[in-house]
Amino acid sequence: MAGSTSKTVYDIFQSMEYGPTSSSTAAAQSWLELHSRSLGLFVDGKFVSPSERQTRVVVDASGQRLGSTVCAEDEDVTKAATSAVSGFKAWSGLSCYQRAKVFQSFGSVLQRHSQCLAELGDLVQTPAPASALIRLAQYYTGWAQLRDTLIPDWTPQGVVAVAVSDDCSLYSLLLKVLPALAVGSAVIVTPGHGTALPVLLVATIFMEAGLPAGTLNVITGKDLSLGIKVAQNPSINFATYAGNKMDGERLTRETAGCGVPVSCSMSASAICPFIVFESADIDSAVDGIIETAFKKKKDCQWVLCVQESVWESCMDRLKVRMAAMKCLPLSAESDRPIVDAAVQEAQQQGAIVIQPCQPPSSLSLYPPTVLSGVAPSCPSVVAPPPGPLLPALSFRTAAEGLTIGNHSPHGLAASIWTEDLILALESVKSLSVGTVWVNSHSVMDPSMCLSGVKDSGNCTDGGREGLFQFLRPRLSSPLPRSPPVSVDYARFGSTASRPVVPGETHAADSAQSPRSYMQFVAGKQCKAESGSSVSILAPDGAVIAYCPDGGRKDVRNAVEAAIKCQPGWRKRSPVARAQSLYSLAESLELRRRDMAMSLLAQTGIQLEEAEMEVELSISRICDWAALCDKEGGGMQSLPQSGSAMSFAEPLGVVGVVLPDGQPLLSLVSLLGAALAAGNAVVMVPSEKHPLPALEFIQVLQSSTLPDGLVSIVTGSRDQLTHALANHNVVQAIWYWGSQEGCQYLQYTCCSPLKNLWLHCLEEREAGKGGRDWAVSHPSLLEEMWRKATQWKSVWIPTA
C-alpha cells in the first residue's frame with residue numbers, strides 16, 4: 001500500500017499517497033520494436049519512410065531514446081493531401097450506418113490495444129487513459145450513425161487539417177480528429193512531439209478497424225511549420241488547432257489569405273480560477289485543490305481564490321495536507337530557474353511560501369508550493385510559471401471573487417466551491433469561461449461542450465455543437481482557395497476617402513440638392529467625428545445623397561455605447577428580446593414605402609423587387625423574434641453520476657461589415673441573428689449601397705431596442721474594418737468585402753482572438769458562390785445563429 005506494506009490505513013489517509021501502479025511498458029516497447037523504433041509517415045493507410053529525410057528523436061521522461069519519427073517535407077505534404085482527397089471521396093460516399101460500423105469496430109480494437117496505447121502515452125509523458133479514449137470512440141460512433149438524421153441539410157467540410165503544439169494532450173487531439181471523421185471528413189494530422197507516437201498507433205488501429213485508406217493521414221515534423229504547410233495546401237478545406245497561444249497565433253497569421261477557415265482551441269497553459277466561497281465545504285475544496293493543482297501533468301494553470309472569512313481555515317488545511325507530499329518532476333530542467341525566480345519574486349511582494357520541504361538540489365524535481373497571499377497583479381498570477389506552483393489570493397465579497405476570476409485574458413474553465421445553489425448559478429452566469437465545474441474539477445466527457453472564451457479559443461469541441469465546425473450547410477459554398485495577396489498590414493485601411501468636390505458630379509435631380517444623412521451611434525443620429533462626408537451614387541453615377549465619412553473614433557464611440565448596453569440586453573429574457581424584435585418588424589412595416597424607394601434609388605432594381613425585399617426583410621425579423629426562445633441547450637447524459645448542462649451565450653459586441661447584394665435583406669438577417677442571441681452590433685453598411693442602411697436608422701429609432709445596442713457607422717469599408725479589428729472589446733467580426741480585407745482580418749484578429757466569419761465579395765460578383773439572402777432555409781438560419789453564440793458547459797456532481 002502506497003509503496004510500503006508497513007503503513008497503516010491511517011498513515012495513508014494522512015499523506016493521501018496513491019497506491020502502487022504497474023510500471024510495465026512491455027506492450028509499448030514491443031510495438032516500437034515491431035517498427036524497428038523508427039516510425040515513418042502514415043499516408044494512404046500504411047507507413048511510408050521516404051529516403052533522405054531528417055528524423056526527430058523521441059525520448060521518455062528519463063531521457064532514454066524510445067525511437068524516432070520522420071520529418072516530412074513539401075513532397076510528403078502533397079502526397080498526404082492527394083491521399084486525403086481520395087480518402088474523402090471513399091469515406092463520405094459511405095452511408096452513416098457504414099461509417100458507424102467502422103467506428104464501432106475502432107472502439108473494439110482500441111479496447112484490445114488500450115494497454116499498449118496507455119503505456120506509450122506514459123512513456124512520452126502524454127497520458128492516454130484508456131477509459132477516456134474508449135468513451136470518445138463510443139460517443140462518436142453514435143454521431144456517425146445519426147448525422148443525417150439529427151443534423152440534416154449539412155455536409156462535411158472535406159479534407160480537414162488538424163495541427164497541435166508539443167504541449168497538447170492526446171485527448172485534445174482526438175477530440176478534433178474523431179468528430180471530423182464521424183461527420184464524413186478526411187483528416188491530416190500533424191502531431192506535436194508528445195503525441196506523435198500515440199497518434200501513429202491510433203492511425204494503425206483505425207486501419208485495422210476498416211477505415212478506408214487515405215481517410216486518416218499522420219505526418220510528423222520538427223515543429224508547427226509542418227502543420228502550417230499542410231493548412232496552406234490547396235486541397236485543405238478547413239484547419240483546426242489545439243495547443244498553446246503562441247503557436248495558435250502563428251498558424252493563424254501564416255495561413256491568412258489562403259482561403260481556409262481556421263478554428264483554434266488554445267487550452268494549453270490557460271489560467272483557470274479555483275474559487276472557494278465561504279459557504280463551501282472547505283475539506284472537500286482542499287481535496288480538490290490538492291488533486292488538480294499538483295498533478296504530474298496539468299492541462300492548465302490554476303489560481304486559487306478564497307473568501308477572506310475562510311482564508312485561514314483553508315490555508316491551515318492546505319498546510320496539513322501538503323506536509324507529507326513528495327516532490328514532483330518538472331517538464332524540463334530548464335524550468336527550474338523560472339520556478340525559483342517566480343517564488344522569490346512572490347516572496348519579495350509579501351507572499352508566504354507553503355512547501356512540504358525545501359527544494360531539492362536536483363533540477364528536475366520541485367516540491368508542491370502554494371504562494372499564499374499574492375496580489376492579483378503579481379506575475380505568478382498573471383502568468384503562472386511551469387511546475388507545481390499554486391498562487392493563492394483572497395477576496396472579500398462574492399462579487400469581488402467573480403471579478404478576480406474574470407481577470408485573466410483566458411476563458412477556458414473555472415472551478416467554484418459553494419453549498420449555496422443560488423450563488424453557484426449566479427457564478428456560472430457571471431464567469432466568462434467555457435466550462436464551470438461546481439464543487440468539482442476537471443470532469444471531462446465528449447458529450448460536454450468545451451468552448452474557449454477570450455484568448456482560450458474561438459471554437460467549440462465536444463457535444464453536438466462541436467460537430468458544426470466540421471460541417472457546412474448544403475446550400476452554402478465553401479470559401480474558394482486562392483494564394484495570399486500582397487497586403488501592407490501596417491497601412492491597411494489608412495487611405496483617406498475621396499473628398500466631395502463641389503460641382504464635380506451632377507445630382508439626380510438638379511432642382512433639388514442631394515440629402516445629407518447622418519450615422520447612428522448610441523441611439524442618436526450624429527455626424528462623423530471627422531466632419532467629412534462621401535457621396536452616395538445611383539447606378540447611373542448621379543449623386544443621390546451624402547453620408548458621413550466615419551473612422552476610428554466613430555467606431556470607438558459605437559463600441560463604448562455597445563459595452564454599456566449589451567449586458568442589460570443579454571440579461572433580458574428571450575421573450576423580452578423577441579418582443580423588441582417584433583417591434584422592430586412593426587417599425588419596418590410602417591416605413592415599407594420609404595425602404596422600397598431607397599432600394600430602388602440605390603440599386604436600380606424594379607419597384608416590385610424592392611417591395612419584395614422589404615416584405616422578406618419584415619418576415620426575416622419575425623423569424624428571429626420567433627427563434628429567440630426556441631434555441632437553448634439542455635441536460636447532457638453522462639456515464640458518471642452528476643448533472644451536466646450546456647447552453648448558448650452571446651459573444652458580446654459583434655462588428656458586421658455588410659455585403660453589397662440585397663442590402664436591406666442582408667442587414668436585417670445578420671442584425672436579427674446577432675440581437676436574438678443577445679449581442680450588441682456595430683454595423684458598417686455596404687460602401688456601394690449604403691442608402692437602405694441609412695433609411696433603416698429611422699426604423700431603429702422608432703423601435704423599442706435600447707439605445708446603443710445597434711450602431712450604424714458609414715464610410716470607407718477598409719478604414720472601418722481596420723478600426724473594428726483593432727478594438728479589443730469587439731469579440732466577433734462578420735465580413736463581406738475584398739480578399740485583402742479577409743486576409744487582413746485573419747492576420748490581425750488572432751491577438752486578441754476574435755471569431756471571424758469571412759466572405760469575399762469579388763468571388764460572389766464573379767459568380768463563384770455566395771449567399772442568396774432570400775432563401776430562408778433552416779440550415780442557413782442555424783448557421784447564422786451559431787455564428788452569434790458561444791457555448792458554456794456546467795457540471796454539478798450528485799451523490
# chains A, B, ... in the order shown; residues from 1 in each chain; ligands from 1
$ select_by_dssp --residues "stretch 448-654 of chain A" --states "helix (DSSP H, G or I)" --output "PyMOL selection string"
chain A and resi 465-470+552-571+574-590+592-603+607-627
$ select_by_dssp --residues "stretch 115-202 of chain A" --states "strand (DSSP E or B)" --output "list of chain:residue names"
A:Trp154, A:Thr155, A:Pro156, A:Val159, A:Val160, A:Ala161, A:Val162, A:Ala163, A:Val164, A:Ala186, A:Val187, A:Ile188, A:Val189, A:Thr190
$ closest_residue --among "A:Thr460, A:Thr204, A:Ser235, A:Gln145" --to "A:Cys96" --atoms "only C-alpha atoms"
A:Gln145
$ closest_residue --among "A:Met683, A:Ala677, A:Ala137, A:Ile338" --to "A:Gly708" --atoms "only C-alpha atoms"
A:Met683
$ closest_residue --among "A:Pro367, A:Pro706, A:Gly259, A:Gly40" --to "A:Gln355" --atoms "only C-alpha atoms"
A:Pro367
$ residues_around --residues "stretch 265-274 of chain A" --least-positions-apart "4" --cutoff "7 Å" --atoms "only C-alpha atoms" --output "list in words"
Asp167, Cys168, Tyr241, Ala242, Gly243, Asn244, Lys245, Gly248, Asp299, Cys300, Gln301, Trp302, Val303, Leu304, Cys305, Gly405, Ser408, His410, Leu412, Ala413, Ala414, Ser415, Ile416, Gly452, Ser456, Gly457, Asn458 and Cys459 of chain A
$ residues_around --residues "A:Pro359" --least-positions-apart "2" --cutoff "12 Å" --atoms "only C-alpha atoms" --output "list in words"
Lys326, Cys327, Leu328, Pro329, Arg336, Pro337, Val339, Asp340, Val343, Val353, Ile354, Gln355, Pro356, Cys357, Ser361, Ser362, Leu363, Ser364, Leu365, Tyr366, Pro367, Pro368, Thr369 and Pro388 of chain A
$ write_last_selection --atoms "N, CA and C atoms" --output "mmCIF file, in the first residue's frame"
data_model
loop_
_atom_site.group_PDB
_atom_site.id
_atom_site.type_symbol
_atom_site.label_atom_id
_atom_site.label_comp_id
_atom_site.auth_asym_id
_atom_site.auth_seq_id
_atom_site.Cartn_x
_atom_site.Cartn_y
_atom_site.Cartn_z
ATOM 1 N N LYS A 326 5.288 14.527 -1.697
ATOM 2 C CA LYS A 326 6.617 14.365 -2.273
ATOM 3 C C LYS A 326 6.863 15.401 -3.367
ATOM 4 N N CYS A 327 8.131 15.549 -3.731
ATOM 5 C CA CYS A 327 8.481 16.448 -4.832
ATOM 6 C C CYS A 327 7.956 15.885 -6.151
ATOM 7 N N LEU A 328 7.647 16.776 -7.046
ATOM 8 C CA LEU A 328 7.091 16.398 -8.349
ATOM 9 C C LEU A 328 8.080 16.730 -9.456
ATOM 10 N N PRO A 329 8.063 15.958 -10.539
ATOM 11 C CA PRO A 329 9.009 16.231 -11.639
ATOM 12 C C PRO A 329 8.575 17.460 -12.450
ATOM 13 N N ARG A 336 13.512 24.945 -13.953
ATOM 14 C CA ARG A 336 13.846 25.180 -12.540
ATOM 15 C C ARG A 336 14.213 26.644 -12.248
ATOM 16 N N PRO A 337 15.086 27.282 -13.016
ATOM 17 C CA PRO A 337 15.381 28.703 -12.727
ATOM 18 C C PRO A 337 14.148 29.603 -12.816
ATOM 19 N N VAL A 339 11.017 28.710 -12.115
ATOM 20 C CA VAL A 339 10.215 28.467 -10.914
ATOM 21 C C VAL A 339 10.851 29.156 -9.706
ATOM 22 N N ASP A 340 12.157 29.018 -9.542
ATOM 23 C CA ASP A 340 12.844 29.661 -8.418
ATOM 24 C C ASP A 340 12.669 31.176 -8.451
ATOM 25 N N VAL A 343 9.089 32.173 -7.361
ATOM 26 C CA VAL A 343 8.891 32.056 -5.909
ATOM 27 C C VAL A 343 9.565 33.212 -5.182
ATOM 28 N N VAL A 353 5.296 31.438 1.450
ATOM 29 C CA VAL A 353 5.525 30.203 0.696
ATOM 30 C C VAL A 353 5.209 29.001 1.572
ATOM 31 N N ILE A 354 4.305 28.149 1.104
ATOM 32 C CA ILE A 354 3.942 26.919 1.810
ATOM 33 C C ILE A 354 4.480 25.741 1.015
ATOM 34 N N GLN A 355 5.422 24.986 1.620
ATOM 35 C CA GLN A 355 6.030 23.833 0.965
ATOM 36 C C GLN A 355 6.182 22.703 1.983
ATOM 37 N N PRO A 356 6.075 21.450 1.540
ATOM 38 C CA PRO A 356 6.280 20.337 2.471
ATOM 39 C C PRO A 356 7.753 20.139 2.828
ATOM 40 N N CYS A 357 8.659 20.657 1.981
ATOM 41 C CA CYS A 357 10.091 20.515 2.222
ATOM 42 C C CYS A 357 10.825 21.564 1.395
ATOM 43 N N SER A 361 18.218 19.559 -4.442
ATOM 44 C CA SER A 361 19.303 20.003 -5.318
ATOM 45 C C SER A 361 19.079 19.571 -6.765
ATOM 46 N N SER A 362 18.315 18.494 -6.945
ATOM 47 C CA SER A 362 18.020 18.023 -8.295
ATOM 48 C C SER A 362 17.212 19.068 -9.050
ATOM 49 N N LEU A 363 17.659 19.408 -10.247
ATOM 50 C CA LEU A 363 16.978 20.431 -11.024
ATOM 51 C C LEU A 363 15.665 19.944 -11.641
ATOM 52 N N SER A 364 15.461 18.644 -11.668
ATOM 53 C CA SER A 364 14.272 18.100 -12.320
ATOM 54 C C SER A 364 13.099 17.907 -11.369
ATOM 55 N N LEU A 365 13.290 18.165 -10.063
ATOM 56 C CA LEU A 365 12.238 17.981 -9.076
ATOM 57 C C LEU A 365 11.973 19.283 -8.333
ATOM 58 N N TYR A 366 10.711 19.439 -7.887
ATOM 59 C CA TYR A 366 10.367 20.627 -7.097
ATOM 60 C C TYR A 366 9.181 20.273 -6.207
ATOM 61 N N PRO A 367 9.177 20.761 -4.959
ATOM 62 C CA PRO A 367 8.071 20.411 -4.053
ATOM 63 C C PRO A 367 6.796 21.156 -4.403
ATOM 64 N N PRO A 368 5.640 20.586 -4.103
ATOM 65 C CA PRO A 368 4.383 21.323 -4.270
ATOM 66 C C PRO A 368 4.450 22.613 -3.456
ATOM 67 N N THR A 369 4.049 23.731 -4.093
ATOM 68 C CA THR A 369 4.247 25.043 -3.480
ATOM 69 C C THR A 369 2.995 25.887 -3.627
ATOM 70 N N PRO A 388 4.888 22.772 -10.130
ATOM 71 C CA PRO A 388 3.824 22.593 -9.128
ATOM 72 C C PRO A 388 3.663 23.815 -8.230
#
$ residues_around --residues "A:Leu94" --least-positions-apart "3" --cutoff "12 Å" --atoms "only C-alpha atoms" --output "list in words"
Gly87, Phe88, Lys89, Ala90, Trp91, Tyr97, Gln98, Arg99, Ala100, Lys101, Val102, Ala144, Gln145, Leu181, Ala182, Val183, Gly184, Ser185, Leu211 and Pro212 of chain A
$ write_last_selection --atoms "N, CA and C atoms" --output "short mmCIF file (atom, residue, chain, number, x, y, z; two decimals), in the first residue's frame"
data_model
loop_
_atom_site.label_atom_id
_atom_site.label_comp_id
_atom_site.auth_asym_id
_atom_site.auth_seq_id
_atom_site.Cartn_x
_atom_site.Cartn_y
_atom_site.Cartn_z
N GLY A 87 -9.33 9.65 -50.05
CA GLY A 87 -9.97 9.06 -48.88
C GLY A 87 -11.30 9.71 -48.57
N PHE A 88 -11.40 11.03 -48.77
CA PHE A 88 -12.66 11.74 -48.51
C PHE A 88 -13.76 11.25 -49.45
N LYS A 89 -13.43 11.05 -50.71
CA LYS A 89 -14.43 10.56 -51.66
C LYS A 89 -14.96 9.19 -51.24
N ALA A 90 -14.06 8.33 -50.80
CA ALA A 90 -14.49 6.99 -50.38
C ALA A 90 -15.25 7.02 -49.07
N TRP A 91 -14.77 7.79 -48.11
CA TRP A 91 -15.36 7.83 -46.77
C TRP A 91 -16.71 8.54 -46.79
N TYR A 97 -24.60 4.47 -41.59
CA TYR A 97 -24.51 3.16 -40.93
C TYR A 97 -23.15 2.52 -41.18
N GLN A 98 -22.65 2.62 -42.40
CA GLN A 98 -21.35 2.01 -42.71
C GLN A 98 -20.22 2.72 -41.97
N ARG A 99 -20.29 4.05 -41.88
CA ARG A 99 -19.25 4.77 -41.12
C ARG A 99 -19.35 4.42 -39.63
N ALA A 100 -20.57 4.27 -39.13
CA ALA A 100 -20.74 3.92 -37.72
C ALA A 100 -20.16 2.53 -37.43
N LYS A 101 -20.28 1.61 -38.37
CA LYS A 101 -19.73 0.27 -38.16
C LYS A 101 -18.20 0.34 -38.03
N VAL A 102 -17.57 1.20 -38.82
CA VAL A 102 -16.12 1.37 -38.71
C VAL A 102 -15.76 1.94 -37.34
N ALA A 144 -21.74 9.25 -35.86
CA ALA A 144 -21.54 8.75 -37.21
C ALA A 144 -22.82 8.10 -37.74
N GLN A 145 -23.56 7.45 -36.85
CA GLN A 145 -24.81 6.80 -37.23
C GLN A 145 -25.93 7.81 -37.47
N LEU A 181 -13.95 12.88 -38.49
CA LEU A 181 -14.17 11.61 -39.18
C LEU A 181 -15.63 11.17 -39.08
N ALA A 182 -16.26 11.40 -37.92
CA ALA A 182 -17.63 10.93 -37.71
C ALA A 182 -18.61 11.59 -38.66
N VAL A 183 -18.40 12.86 -39.03
CA VAL A 183 -19.34 13.53 -39.93
C VAL A 183 -19.01 13.28 -41.39
N GLY A 184 -17.90 12.57 -41.68
CA GLY A 184 -17.60 12.21 -43.06
C GLY A 184 -16.41 12.89 -43.68
N SER A 185 -15.66 13.69 -42.93
CA SER A 185 -14.48 14.36 -43.47
C SER A 185 -13.27 13.43 -43.43
N LEU A 211 -11.10 1.49 -41.67
CA LEU A 211 -11.19 2.83 -42.22
C LEU A 211 -10.59 2.84 -43.63
N PRO A 212 -11.26 3.43 -44.63
CA PRO A 212 -10.69 3.46 -45.99
C PRO A 212 -9.34 4.17 -46.02
#
$ residues_around --residues "A:Tyr582" --least-positions-apart "6" --cutoff "12 Å" --atoms "only C-alpha atoms" --output "list of chain:residue names"
A:Val575, A:Ala576, A:Leu588, A:Glu589, A:Ile618, A:Ser619, A:Arg620, A:Ile621, A:Cys622, A:Asp623, A:Trp624, A:Ala625, A:Ala626, A:Leu627, A:Cys628, A:Gly672, A:Leu675, A:Ala676, A:Leu700, A:Ser703, A:Thr704, A:Leu705
$ residues_around --residues "A:Ser482" --least-positions-apart "5" --cutoff "8 Å" --atoms "only C-alpha atoms" --output "list in words"
Pro234, Gly257, Cys258 and Gly259 of chain A
$ closest_atom_pairs --of "stretch 648-728 of chain A" --to "stretch 781-796 of chain A" --cutoff "7 Å" --atoms "only C-alpha atoms" --output "CSV"
residue,atom,partner,partner_atom,distance
A:Ala648,CA,A:Trp791,CA,4.6
A:Glu649,CA,A:Gln790,CA,5.3
A:Pro650,CA,A:Thr789,CA,4.7
A:Leu651,CA,A:Thr789,CA,5.5
A:Ala673,CA,A:Trp785,CA,5.4
A:Ala674,CA,A:Ala788,CA,5.4
A:Ala677,CA,A:Ala788,CA,6.2
$ atom_distance --atom1 "atom CA of A:Arg717" --atom2 "atom CA of A:Val729"
19.5 Å
$ closest_atom_pairs --of "stretch 365-462 of chain A" --to "stretch 630-642 of chain A" --cutoff "9 Å" --atoms "only C-alpha atoms" --output "JSON lines"
{"residue": "A:Asp445", "atom": "CA", "partner": "A:Leu638", "partner_atom": "CA", "distance": 7.2}
{"residue": "A:Ser447", "atom": "CA", "partner": "A:Gln636", "partner_atom": "CA", "distance": 6.8}
{"residue": "A:Met448", "atom": "CA", "partner": "A:Gln636", "partner_atom": "CA", "distance": 7.1}
$ atom_distance --atom1 "atom CA of A:His35" --atom2 "atom CA of A:Ser68"
10.2 Å
$ closest_residue --among "A:Leu780, A:Leu724, A:Val382, A:Leu117" --to "A:Ala26" --atoms "only C-alpha atoms"
A:Leu117
$ atom_distance --atom1 "atom CA of A:Glu278" --atom2 "atom CA of A:Asn439"
12.9 Å
$ closest_residue --among "A:His193, A:Gly434, A:Val218, A:Glu119" --to "A:Val48" --atoms "only C-alpha atoms"
A:Val218
$ decode --residues "stretch 173-198 of chain A" --atoms "N, CA and C atoms" --output "PDB file, in the first residue's frame"
ATOM      1  N   LEU A 173      -6.298  16.238 -28.945  1.00  0.00           N
ATOM      2  CA  LEU A 173      -6.103  15.993 -30.369  1.00  0.00           C
ATOM      3  C   LEU A 173      -7.233  15.131 -30.932  1.00  0.00           C
ATOM      4  N   LEU A 174      -7.551  14.023 -30.237  1.00  0.00           N
ATOM      5  CA  LEU A 174      -8.590  13.122 -30.740  1.00  0.00           C
ATOM      6  C   LEU A 174      -9.973  13.745 -30.637  1.00  0.00           C
ATOM      7  N   LEU A 175     -10.146  14.750 -29.760  1.00  0.00           N
ATOM      8  CA  LEU A 175     -11.421  15.437 -29.669  1.00  0.00           C
ATOM      9  C   LEU A 175     -11.697  16.274 -30.910  1.00  0.00           C
ATOM     10  N   LYS A 176     -10.706  16.441 -31.748  1.00  0.00           N
ATOM     11  CA  LYS A 176     -10.885  17.095 -33.043  1.00  0.00           C
ATOM     12  C   LYS A 176     -10.889  16.083 -34.184  1.00  0.00           C
ATOM     13  N   VAL A 177     -10.065  15.052 -34.073  1.00  0.00           N
ATOM     14  CA  VAL A 177      -9.963  14.071 -35.160  1.00  0.00           C
ATOM     15  C   VAL A 177     -11.232  13.236 -35.275  1.00  0.00           C
ATOM     16  N   LEU A 178     -11.733  12.702 -34.146  1.00  0.00           N
ATOM     17  CA  LEU A 178     -12.868  11.779 -34.206  1.00  0.00           C
ATOM     18  C   LEU A 178     -14.156  12.442 -34.694  1.00  0.00           C
ATOM     19  N   PRO A 179     -14.527  13.648 -34.229  1.00  0.00           N
ATOM     20  CA  PRO A 179     -15.750  14.254 -34.794  1.00  0.00           C
ATOM     21  C   PRO A 179     -15.629  14.585 -36.265  1.00  0.00           C
ATOM     22  N   ALA A 180     -14.424  14.982 -36.710  1.00  0.00           N
ATOM     23  CA  ALA A 180     -14.247  15.257 -38.141  1.00  0.00           C
ATOM     24  C   ALA A 180     -14.479  13.995 -38.959  1.00  0.00           C
ATOM     25  N   LEU A 181     -13.952  12.878 -38.487  1.00  0.00           N
ATOM     26  CA  LEU A 181     -14.174  11.608 -39.185  1.00  0.00           C
ATOM     27  C   LEU A 181     -15.633  11.168 -39.079  1.00  0.00           C
ATOM     28  N   ALA A 182     -16.256  11.397 -37.920  1.00  0.00           N
ATOM     29  CA  ALA A 182     -17.628  10.934 -37.709  1.00  0.00           C
ATOM     30  C   ALA A 182     -18.615  11.588 -38.664  1.00  0.00           C
ATOM     31  N   VAL A 183     -18.396  12.855 -39.026  1.00  0.00           N
ATOM     32  CA  VAL A 183     -19.337  13.534 -39.925  1.00  0.00           C
ATOM     33  C   VAL A 183     -19.009  13.281 -41.392  1.00  0.00           C
ATOM     34  N   GLY A 184     -17.902  12.574 -41.682  1.00  0.00           N
ATOM     35  CA  GLY A 184     -17.598  12.212 -43.061  1.00  0.00           C
ATOM     36  C   GLY A 184     -16.410  12.894 -43.682  1.00  0.00           C
ATOM     37  N   SER A 185     -15.659  13.691 -42.925  1.00  0.00           N
ATOM     38  CA  SER A 185     -14.478  14.362 -43.473  1.00  0.00           C
ATOM     39  C   SER A 185     -13.275  13.435 -43.435  1.00  0.00           C
ATOM     40  N   ALA A 186     -12.265  13.754 -44.250  1.00  0.00           N
ATOM     41  CA  ALA A 186     -10.961  13.110 -44.160  1.00  0.00           C
ATOM     42  C   ALA A 186     -10.039  14.028 -43.367  1.00  0.00           C
ATOM     43  N   VAL A 187      -9.017  13.469 -42.730  1.00  0.00           N
ATOM     44  CA  VAL A 187      -8.192  14.223 -41.797  1.00  0.00           C
ATOM     45  C   VAL A 187      -6.713  13.991 -42.070  1.00  0.00           C
ATOM     46  N   ILE A 188      -5.948  15.085 -42.010  1.00  0.00           N
ATOM     47  CA  ILE A 188      -4.487  15.011 -41.996  1.00  0.00           C
ATOM     48  C   ILE A 188      -4.035  15.585 -40.658  1.00  0.00           C
ATOM     49  N   VAL A 189      -3.341  14.784 -39.870  1.00  0.00           N
ATOM     50  CA  VAL A 189      -2.899  15.187 -38.539  1.00  0.00           C
ATOM     51  C   VAL A 189      -1.408  15.496 -38.573  1.00  0.00           C
ATOM     52  N   THR A 190      -1.030  16.636 -38.007  1.00  0.00           N
ATOM     53  CA  THR A 190       0.383  16.940 -37.768  1.00  0.00           C
ATOM     54  C   THR A 190       0.561  17.045 -36.258  1.00  0.00           C
ATOM     55  N   PRO A 191       0.962  15.953 -35.611  1.00  0.00           N
ATOM     56  CA  PRO A 191       1.005  15.931 -34.147  1.00  0.00           C
ATOM     57  C   PRO A 191       2.210  16.679 -33.594  1.00  0.00           C
ATOM     58  N   GLY A 192       2.133  16.990 -32.292  1.00  0.00           N
ATOM     59  CA  GLY A 192       3.271  17.558 -31.595  1.00  0.00           C
ATOM     60  C   GLY A 192       4.249  16.465 -31.192  1.00  0.00           C
ATOM     61  N   HIS A 193       5.326  16.870 -30.548  1.00  0.00           N
ATOM     62  CA  HIS A 193       6.365  15.912 -30.172  1.00  0.00           C
ATOM     63  C   HIS A 193       5.821  14.842 -29.229  1.00  0.00           C
ATOM     64  N   GLY A 194       4.979  15.232 -28.273  1.00  0.00           N
ATOM     65  CA  GLY A 194       4.489  14.284 -27.293  1.00  0.00           C
ATOM     66  C   GLY A 194       3.396  13.364 -27.804  1.00  0.00           C
ATOM     67  N   THR A 195       2.677  13.774 -28.828  1.00  0.00           N
ATOM     68  CA  THR A 195       1.553  12.979 -29.331  1.00  0.00           C
ATOM     69  C   THR A 195       1.879  12.214 -30.611  1.00  0.00           C
ATOM     70  N   ALA A 196       3.094  12.355 -31.134  1.00  0.00           N
ATOM     71  CA  ALA A 196       3.428  11.741 -32.424  1.00  0.00           C
ATOM     72  C   ALA A 196       3.293  10.220 -32.374  1.00  0.00           C
ATOM     73  N   LEU A 197       3.941   9.565 -31.414  1.00  0.00           N
ATOM     74  CA  LEU A 197       3.880   8.106 -31.354  1.00  0.00           C
ATOM     75  C   LEU A 197       2.469   7.601 -31.034  1.00  0.00           C
ATOM     76  N   PRO A 198       1.772   8.152 -30.019  1.00  0.00           N
ATOM     77  CA  PRO A 198       0.414   7.647 -29.753  1.00  0.00           C
ATOM     78  C   PRO A 198      -0.547   7.803 -30.919  1.00  0.00           C
TER      79      PRO A 198
END
